[in-house]
file final33.cif (mmCIF, C-alpha atoms)
data_structure
#
loop_
_atom_site.label_atom_id
_atom_site.label_comp_id
_atom_site.auth_asym_id
_atom_site.auth_seq_id
_atom_site.Cartn_x
_atom_site.Cartn_y
_atom_site.Cartn_z
CA MET A 814 139.12 103.05 124.12
CA HIS A 815 136.09 103.18 126.44
CA ARG A 816 136.14 105.85 129.13
CA ILE A 817 136.05 104.50 132.70
CA ARG A 818 133.14 106.02 134.60
CA LEU A 819 133.57 107.42 138.11
CA THR A 820 130.93 104.99 139.40
CA GLN A 821 133.04 102.10 138.11
CA ILE A 822 135.91 103.28 140.28
CA PHE A 823 133.64 104.09 143.25
CA PRO A 824 130.58 101.77 142.98
CA PHE A 825 129.03 103.16 146.20
CA LEU A 826 128.26 106.38 144.26
CA LEU A 827 126.02 104.56 141.77
CA PRO A 828 122.68 104.82 143.69
CA LEU A 829 123.16 108.57 144.13
CA ARG A 830 124.12 108.95 140.46
CA ILE A 831 120.99 107.06 139.33
CA THR A 832 118.66 109.05 141.62
CA THR A 833 120.11 112.38 140.47
CA LYS A 834 119.92 111.46 136.78
CA LYS A 835 116.29 110.36 137.06
CA TRP A 836 115.30 113.53 138.92
CA TRP A 837 116.73 115.81 136.22
CA PHE A 838 115.41 113.51 133.51
CA TYR A 839 111.79 114.00 134.59
CA HIS A 840 112.21 117.56 135.88
CA LYS A 841 112.71 118.65 132.27
CA MET A 842 109.30 117.18 131.38
CA LYS A 843 107.11 119.03 133.92
CA ASP A 844 105.07 120.98 131.36
CA GLU A 845 101.72 119.14 131.35
CA SER A 846 100.50 121.13 128.33
CA ILE A 847 103.23 119.50 126.25
CA TYR A 848 103.73 116.12 127.92
CA GLY A 849 100.32 115.60 129.58
CA LEU A 850 98.93 113.14 127.06
CA THR A 851 95.43 111.77 127.72
CA LYS A 852 93.45 108.70 126.71
CA ASP A 853 90.29 108.37 124.65
CA HIS A 854 87.71 105.68 125.41
CA GLU A 855 87.17 105.10 121.70
CA TYR A 856 89.62 104.28 118.92
CA LEU A 857 90.24 106.85 116.21
CA ASP A 858 88.87 105.71 112.86
CA HIS A 859 91.90 105.70 110.58
CA ILE A 860 95.01 103.49 110.71
CA VAL A 861 98.22 105.28 109.76
CA TYR A 862 100.48 102.25 110.14
CA GLN A 863 100.40 98.83 111.82
CA TYR A 864 103.37 96.66 112.83
CA ASP A 865 102.98 93.05 114.00
CA LEU A 866 105.93 91.14 115.45
CA PRO A 867 106.37 87.78 117.28
CA MET A 868 107.62 88.30 120.81
CA ILE A 869 109.30 84.91 121.33
CA ASN A 870 112.73 84.57 119.72
CA PRO A 871 113.86 80.91 120.04
CA ASN A 872 117.26 81.77 118.57
CA SER A 873 118.35 84.41 121.08
CA GLY A 874 121.07 82.14 122.45
CA TYR A 875 119.73 82.57 126.00
CA ASP A 876 117.28 80.65 128.20
CA ILE A 877 113.82 80.77 126.63
CA CYS A 878 112.32 81.79 129.98
CA TYR A 879 113.64 85.31 129.40
CA GLN A 880 111.59 85.52 126.22
CA TYR A 881 108.38 84.72 128.10
CA ASN A 882 109.38 87.13 130.86
CA LYS A 883 109.79 89.77 128.16
CA VAL A 884 106.19 89.18 127.01
CA HIS A 885 105.06 89.65 130.62
CA ASN A 886 107.02 92.90 130.89
CA LEU A 887 105.75 94.21 127.57
CA ASN A 888 102.14 93.61 128.58
CA ILE A 889 102.69 95.67 131.73
CA ALA A 890 104.57 98.51 130.01
CA SER A 891 102.09 98.73 127.15
CA ALA A 892 99.04 99.27 129.36
CA PRO A 893 99.67 103.01 130.03
CA LEU A 894 99.98 103.60 126.28
CA GLN A 895 96.76 101.94 125.19
CA LYS A 896 94.37 104.45 123.52
CA LEU A 897 96.78 107.30 124.29
CA ILE A 898 96.06 110.50 122.35
CA ILE A 899 98.83 112.72 120.93
CA LYS A 900 97.32 116.12 120.16
CA PRO A 901 98.93 118.82 117.98
CA HIS A 902 102.10 120.28 119.55
CA GLN A 903 102.29 117.54 122.21
CA ILE A 904 105.34 115.36 122.81
CA PHE A 905 105.20 111.61 123.40
CA SER A 906 107.87 110.47 125.89
CA LEU A 907 107.98 106.70 126.31
CA CYS A 908 109.94 106.76 129.57
CA ARG A 909 107.61 109.30 131.14
CA LEU A 910 104.52 107.34 130.18
CA ILE A 911 105.68 103.95 131.47
CA ARG A 912 107.50 105.36 134.52
CA ASN A 913 105.27 103.64 137.10
CA ALA A 914 103.80 100.87 134.97
CA ASP A 915 105.06 98.14 137.32
CA GLN A 916 103.59 99.53 140.55
CA ALA A 917 100.68 97.07 140.68
CA ILE A 918 102.30 94.08 138.95
CA PRO A 919 106.09 93.78 139.10
CA TYR A 920 108.23 93.16 136.04
CA LYS A 921 110.20 89.94 135.68
CA GLU A 922 113.83 89.46 134.70
CA GLY A 923 114.40 89.89 130.97
CA LEU A 924 117.45 90.45 128.82
CA ILE A 925 119.18 93.83 128.61
CA THR A 926 122.38 94.92 126.89
CA THR A 927 124.72 97.11 128.92
CA ASP A 928 128.47 97.68 128.76
CA GLU A 929 128.56 95.49 125.64
CA THR A 930 127.11 92.55 127.59
CA THR A 931 123.66 90.96 127.36
CA LYS A 932 122.38 89.80 130.74
CA PRO A 933 119.10 89.31 132.65
CA ALA A 934 117.79 92.25 134.67
CA TYR A 935 114.54 93.43 136.23
CA GLY A 936 112.24 94.78 133.52
CA GLY A 937 114.45 93.59 130.70
CA GLY A 938 113.08 93.40 127.17
CA LEU A 939 111.27 96.74 127.14
CA CYS A 940 113.41 97.90 124.23
CA GLN A 941 111.20 95.66 122.09
CA LEU A 942 108.42 98.17 122.79
CA SER A 943 110.58 101.19 121.94
CA ASN A 944 111.87 99.43 118.81
CA MET A 945 108.36 98.76 117.54
CA LEU A 946 107.07 102.24 118.37
CA PHE A 947 110.03 103.85 116.63
CA TRP A 948 109.42 101.78 113.50
CA VAL A 949 105.76 102.81 113.50
CA PHE A 950 106.61 106.48 114.08
CA LEU A 951 108.99 106.39 111.12
CA HIS A 952 105.96 105.55 108.97
CA SER A 953 104.04 108.63 110.09
CA PRO A 954 104.19 112.46 109.93
CA LEU A 955 105.22 112.61 113.61
CA THR A 956 108.60 114.26 114.23
CA ILE A 957 111.28 112.18 115.94
CA VAL A 958 112.65 114.33 118.79
CA GLU A 959 114.85 111.83 120.61
CA ARG A 960 116.07 108.34 119.75
CA TYR A 961 119.14 106.34 120.76
CA PRO A 962 120.45 103.23 119.00
CA HIS A 963 121.90 100.25 120.82
CA ASN A 964 125.68 100.54 120.88
CA VAL A 965 126.01 96.79 120.39
CA GLU A 966 123.79 94.28 118.61
CA THR A 967 124.29 90.96 120.44
CA ILE A 968 121.34 88.97 119.05
CA PRO A 969 121.35 88.23 115.30
CA GLN A 970 118.87 90.24 113.25
CA ASP A 971 116.78 88.87 110.45
CA PRO A 972 119.07 89.74 107.49
CA TYR A 973 116.06 90.75 105.42
CA MET A 974 114.87 93.36 107.90
CA THR A 975 115.86 97.03 107.69
CA TYR A 976 119.04 97.74 109.66
CA GLY A 977 119.62 100.64 112.05
CA VAL A 978 116.02 101.23 113.13
CA ASP A 979 116.20 100.14 116.77
CA ALA A 980 115.59 102.48 119.71
CA THR A 981 116.86 101.75 123.19
CA ILE A 982 115.48 103.27 126.39
CA ALA A 983 117.14 103.64 129.80
CA GLU A 984 115.33 105.63 132.46
CA GLY A 985 117.34 108.73 133.30
CA TRP A 986 119.56 108.43 130.22
CA CYS A 987 117.81 107.41 126.98
CA ASP A 988 114.24 108.11 125.91
CA LEU A 989 112.11 107.76 122.79
CA LYS A 990 110.27 110.99 122.00
CA VAL A 991 108.13 112.18 119.10
CA ARG A 992 106.31 115.48 118.62
CA ASN A 993 103.06 116.05 116.78
CA ASP A 994 103.81 118.97 114.44
CA THR A 995 100.62 118.41 112.45
CA ASP A 996 97.08 119.75 112.88
CA HIS A 997 95.68 116.26 113.48
CA VAL A 998 95.28 113.90 116.43
CA TYR A 999 97.09 110.57 116.69
CA GLN A 1000 96.47 107.59 118.94
CA ILE A 1001 98.50 104.57 120.15
CA ASP A 1002 96.86 101.13 119.92
CA ILE A 1003 98.80 98.12 121.29
CA GLY A 1004 97.64 94.53 121.63
CA PHE A 1005 98.84 90.94 122.08
CA ASP A 1006 97.28 87.76 120.75
CA GLU A 1007 97.40 84.15 121.89
CA ALA A 1008 100.36 83.43 119.59
CA ASN A 1009 102.46 86.02 121.50
CA ILE A 1010 102.41 88.40 118.56
CA MET A 1011 102.48 92.06 119.52
CA HIS A 1012 100.50 94.55 117.45
CA VAL A 1013 101.43 98.24 117.49
CA ILE A 1014 99.07 100.51 115.58
CA LEU A 1015 99.15 104.26 115.06
CA ARG A 1016 95.71 105.75 114.44
CA ALA A 1017 94.60 109.23 113.37
CA ASP A 1018 91.46 111.35 113.16
CA VAL A 1019 91.87 111.71 109.37
CA LYS A 1020 92.67 109.31 106.57
CA PRO A 1021 96.41 109.43 105.83
CA SER A 1022 97.32 111.17 102.58
CA LEU A 1023 100.94 110.00 102.59
CA SER A 1024 102.54 106.56 102.67
CA TYR A 1025 106.08 105.77 103.79
CA MET A 1026 108.74 103.15 103.12
CA ILE A 1027 111.93 102.85 105.20
CA TYR A 1028 114.98 101.34 103.54
CA ASN A 1029 118.78 101.18 103.71
CA LYS A 1030 121.62 102.48 101.59
CA ASN A 1031 125.38 102.19 101.90
CA LEU A 1032 125.56 99.18 104.23
CA HIS A 1033 129.17 98.89 105.36
CA TYR A 1034 131.17 96.80 107.81
CA HIS A 1035 134.64 97.51 109.14
CA HIS A 1036 136.82 96.68 112.11
CA GLU A 1037 137.82 99.14 114.83
CA GLY A 1038 140.48 97.19 116.67
CA LYS A 1039 138.81 93.92 117.63
CA HIS A 1040 135.30 95.32 117.24
CA LEU A 1041 133.23 94.66 114.12
CA MET A 1042 131.21 97.78 113.31
CA GLN A 1043 128.19 98.29 111.08
CA SER A 1044 127.37 101.58 109.38
CA VAL A 1045 124.23 102.06 107.32
CA ASP A 1046 122.14 104.95 106.00
CA VAL A 1047 118.45 104.93 106.91
CA MET A 1048 116.27 106.42 104.18
CA ARG A 1049 112.57 107.22 103.90
CA ARG A 1050 110.51 107.19 100.71
CA ILE A 1051 107.38 109.33 100.94
CA LYS A 1052 104.59 108.78 98.47
CA ASP A 1053 101.97 111.48 97.99
CA GLY A 1054 99.69 110.23 95.23
CA PRO A 1055 101.85 110.00 92.11
CA THR A 1056 104.66 112.02 93.72
CA ILE A 1057 107.56 110.12 95.30
CA LYS A 1058 110.30 111.73 97.37
CA ASP A 1059 113.33 110.04 98.93
CA LYS A 1060 114.83 111.54 102.09
CA TYR A 1061 117.98 110.72 104.03
CA LEU A 1062 117.14 110.37 107.75
CA TYR A 1063 120.39 109.44 109.51
CA THR A 1064 123.42 107.15 109.48
CA ASN A 1065 123.33 104.43 112.13
CA HIS A 1066 126.52 103.06 113.70
CA CYS A 1067 126.73 100.07 116.01
CA GLU A 1068 128.99 97.19 116.99
CA ILE A 1069 128.01 93.71 115.79
CA GLY A 1070 128.41 91.07 118.49
CA TYR A 1071 127.54 87.95 116.49
CA PRO A 1072 129.04 86.12 113.48
CA LEU A 1073 128.01 87.58 110.13
CA THR A 1074 126.76 85.61 107.15
CA ASP A 1075 126.58 86.53 103.47
CA ALA A 1076 122.88 87.21 103.97
CA HIS A 1077 123.67 89.80 106.64
CA THR A 1078 126.35 91.64 104.71
CA HIS A 1079 124.97 91.39 101.16
CA LEU A 1080 128.65 91.30 100.14
CA ASN A 1081 131.65 89.02 100.31
CA ILE A 1082 132.89 88.73 103.91
CA GLY A 1083 136.42 89.13 102.61
CA GLN A 1084 135.56 92.68 101.53
CA ILE A 1085 135.03 93.85 105.11
CA MET A 1086 137.68 96.48 105.59
CA GLU A 1087 140.08 97.00 108.47
CA GLU A 1088 140.54 100.44 110.04
#
call {"tool": "encode", "arguments": {"input": "final33.cif", "output": "structure tokens"}}
result
Amino acid sequence: MHRIRLTQIFPFLLPLRITTKKWWFYHKMKDESIYGLTKDHEYLDHIVYQYDLPMINPNSGYDICYQYNKVHNLNIASAPLQKLIIKPHQIFSLCRLIRNADQAIPYKEGLITTDETTKPAYGGGLCQLSNMLFWVFLHSPLTIVERYPHNVETIPQDPYMTYGVDATIAEGWCDLKVRNDTDHVYQIDIGFDEANIMHVILRADVKPSLSYMIYNKNLHYHHEGKHLMQSVDVMRRIKDGPTIKDKYLYTNHCEIGYPLTDAHTHLNIGQIMEE
């Protein structure tokens, strides 16, 4: 059973609640020595990992205009991150960095998922940026400090992609943070091409000595009442020359809000268990 929030009973309290949450959210990140990331005019020489992904999803089930609005929003939000340097001991906070990205050029309405519903909202679609950054960070030595999954997946995933590696953001509530616990410098490089493909690259001042592969184990579906739930372990394989080490990262839980196929489950649908 979902808990009813006070602001749902008294909606007039919502603006105050949002303002208070945002104030505390950023007040905790006042230390410029830790969060005051800077930019470099030049790109660092070595690529740690690169992720390229089409931005237009024609099968979202919603008006295609929201996909193009998402591309507009992502271009705006990505600008403050371009050529950003993460020095040793510094923390990257996505919400802090894109806080005022829309001051000069406003966002458009894109799709967001809230209260188990997908709907258009101002600045929607920015989770695509946090999703891609999280995937790139998983393929690096950077330490994940804060990450939140979506509670509900409403748009079908490619069944051949790795499950449970999304990262939602909501200013005042959910952030994506990584910390540089190494002795080296890292840099964010983001670009878009004419085919609306977004490129997220993590660069470093040294050639990477490790390579990473993210994969799933123990994919499982079950029902909680009327809700179809997915549970899956997210694993990381680290290769250091001839040495290979597998590490359990976390177990991801979310509700699935679309019909499953055999390709999604990798098992017989009749084997989905009831709880």
call {"tool": "residues_around", "arguments": {"input": "final33.cif", "residues": "region 930-932 of chain A", "least_positions_apart": "3", "cutoff": "12 Å", "atoms": "all atoms listed in the file", "output": "list in words"}}
result
Ser873, Gly874, Tyr875, Asp876, Tyr879, Glu922, Gly923, Leu924, Ile925, Thr926, Thr927, Tyr935, Gly936, Gly937, Gly938, His963, Asn964, Val965, Glu966, Thr967, Ile968, Glu1068, Ile1069, Gly1070 and Tyr1071 of chain A
call {"tool": "atom_distance", "arguments": {"input": "final33.cif", "atom1": "CA of Leu907 (chain A)", "atom2": "CA of Ala1017 (chain A)"}}
result
18.8 Å
call {"tool": "resolve_selection", "arguments": {"input": "final33.cif", "expression": "the PyMOL selection byres ((chain A and resi 1031) around 6)", "output": "VMD selection string"}}
result
chain A and resid 1030 1032 1045 to 1046
call {"tool": "closest_residue", "arguments": {"input": "final33.cif", "among": "A:Asn944, A:Ser953, A:Gln880, A:Ser891", "to": "Leu1023 (chain A)", "atoms": "all atoms listed in the file"}}
result
A:Ser953
call {"tool": "atom_distance", "arguments": {"input": "final33.cif", "atom1": "CA of Tyr864 (chain A)", "atom2": "CA of Arg1050 (chain A)"}}
result
17.6 Å
call {"tool": "atom_distance", "arguments": {"input": "final33.cif", "atom1": "CA of Phe905 (chain A)", "atom2": "CA of Cys940 (chain A)"}}
result
16.0 Å
call {"tool": "closest_residue", "arguments": {"input": "final33.cif", "among": "A:Asn1065, A:Ser906, A:Asn882, A:Gln863", "to": "Tyr839 (chain A)", "atoms": "only C-alpha atoms"}}
result
A:Ser906
call {"tool": "closest_residue", "arguments": {"input": "final33.cif", "among": "A:Arg1049, A:Arg830, A:Lys1058, A:His997", "to": "Asp1018 (chain A)", "atoms": "all atoms listed in the file"}}
result
A:His997
call {"tool": "closest_residue", "arguments": {"input": "final33.cif", "among": "A:Val1019, A:Ile1014, A:Val861, A:Leu1062", "to": "Thr956 (chain A)", "atoms": "all atoms listed in the file"}}
result
A:Leu1062
call {"tool": "closest_residue", "arguments": {"input": "final33.cif", "among": "A:Gln1000, A:Gln941, A:Ser1044, A:Thr832", "to": "Asp865 (chain A)", "atoms": "only C-alpha atoms"}}
result
A:Gln941
call {"tool": "resolve_selection", "arguments": {"input": "final33.cif", "expression": "the PyMOL selection byres ((chain A and resi 850) around 7)", "output": "VMD selection string"}}
result
chain A and resid 848 to 849 851 897 to 899
call {"tool": "closest_residue", "arguments": {"input": "final33.cif", "among": "A:Lys834, A:His854, A:Lys1020, A:His840", "to": "Arg909 (chain A)", "atoms": "all atoms listed in the file"}}
result
A:His840
call {"tool": "build_atoms", "arguments": {"input": "final33.cif", "residues": "region 959-979 of chain A", "atoms": "N, CA and C atoms", "output": "short mmCIF file (atom, residue, chain, number, x, y, z; two decimals), in the frame of the given file"}}
result
data_model
loop_
_atom_site.label_atom_id
_atom_site.label_comp_id
_atom_site.auth_asym_id
_atom_site.auth_seq_id
_atom_site.Cartn_x
_atom_site.Cartn_y
_atom_site.Cartn_z
N GLU A 959 113.75 112.47 119.89
CA GLU A 959 114.85 111.83 120.61
C GLU A 959 114.81 110.33 120.35
N ARG A 960 115.94 109.78 119.98
CA ARG A 960 116.07 108.34 119.75
C ARG A 960 117.53 107.95 119.90
N TYR A 961 117.78 106.83 120.56
CA TYR A 961 119.14 106.34 120.76
C TYR A 961 119.24 104.90 120.25
N PRO A 962 120.25 104.61 119.45
CA PRO A 962 120.45 103.23 119.00
C PRO A 962 121.16 102.42 120.08
N HIS A 963 121.07 101.10 119.99
CA HIS A 963 121.90 100.25 120.82
C HIS A 963 123.35 100.37 120.35
N ASN A 964 124.27 100.46 121.26
CA ASN A 964 125.68 100.54 120.88
C ASN A 964 126.18 99.22 120.31
N VAL A 965 125.60 98.12 120.82
CA VAL A 965 126.01 96.79 120.39
C VAL A 965 124.78 95.95 120.08
N GLU A 966 124.82 95.26 118.94
CA GLU A 966 123.79 94.28 118.61
C GLU A 966 124.34 92.89 118.97
N THR A 967 123.76 92.25 119.98
CA THR A 967 124.29 90.96 120.44
C THR A 967 123.46 89.78 119.97
N ILE A 968 122.22 90.04 119.53
CA ILE A 968 121.34 88.97 119.05
C ILE A 968 121.17 89.14 117.55
N PRO A 969 121.42 88.10 116.76
CA PRO A 969 121.35 88.23 115.30
C PRO A 969 120.01 88.75 114.81
N GLN A 970 120.07 89.70 113.89
CA GLN A 970 118.87 90.24 113.25
C GLN A 970 118.48 89.37 112.07
N ASP A 971 117.21 89.44 111.72
CA ASP A 971 116.78 88.87 110.45
C ASP A 971 117.49 89.66 109.35
N PRO A 972 118.29 88.99 108.50
CA PRO A 972 119.07 89.74 107.49
C PRO A 972 118.21 90.44 106.45
N TYR A 973 116.93 90.12 106.41
CA TYR A 973 116.06 90.75 105.42
C TYR A 973 115.24 91.89 106.02
N MET A 974 115.50 92.20 107.29
CA MET A 974 114.87 93.36 107.90
C MET A 974 115.71 94.60 107.63
N THR A 975 115.12 95.78 107.83
CA THR A 975 115.86 97.03 107.69
C THR A 975 116.80 97.20 108.87
N TYR A 976 118.05 97.55 108.60
CA TYR A 976 119.04 97.74 109.66
C TYR A 976 118.96 99.16 110.22
N GLY A 977 119.44 99.31 111.48
CA GLY A 977 119.62 100.64 112.05
C GLY A 977 118.35 101.34 112.45
N VAL A 978 117.29 100.59 112.77
CA VAL A 978 116.02 101.23 113.13
C VAL A 978 115.57 100.79 114.53
N ASP A 979 116.52 100.46 115.39
CA ASP A 979 116.20 100.14 116.77
C ASP A 979 116.18 101.41 117.60
#
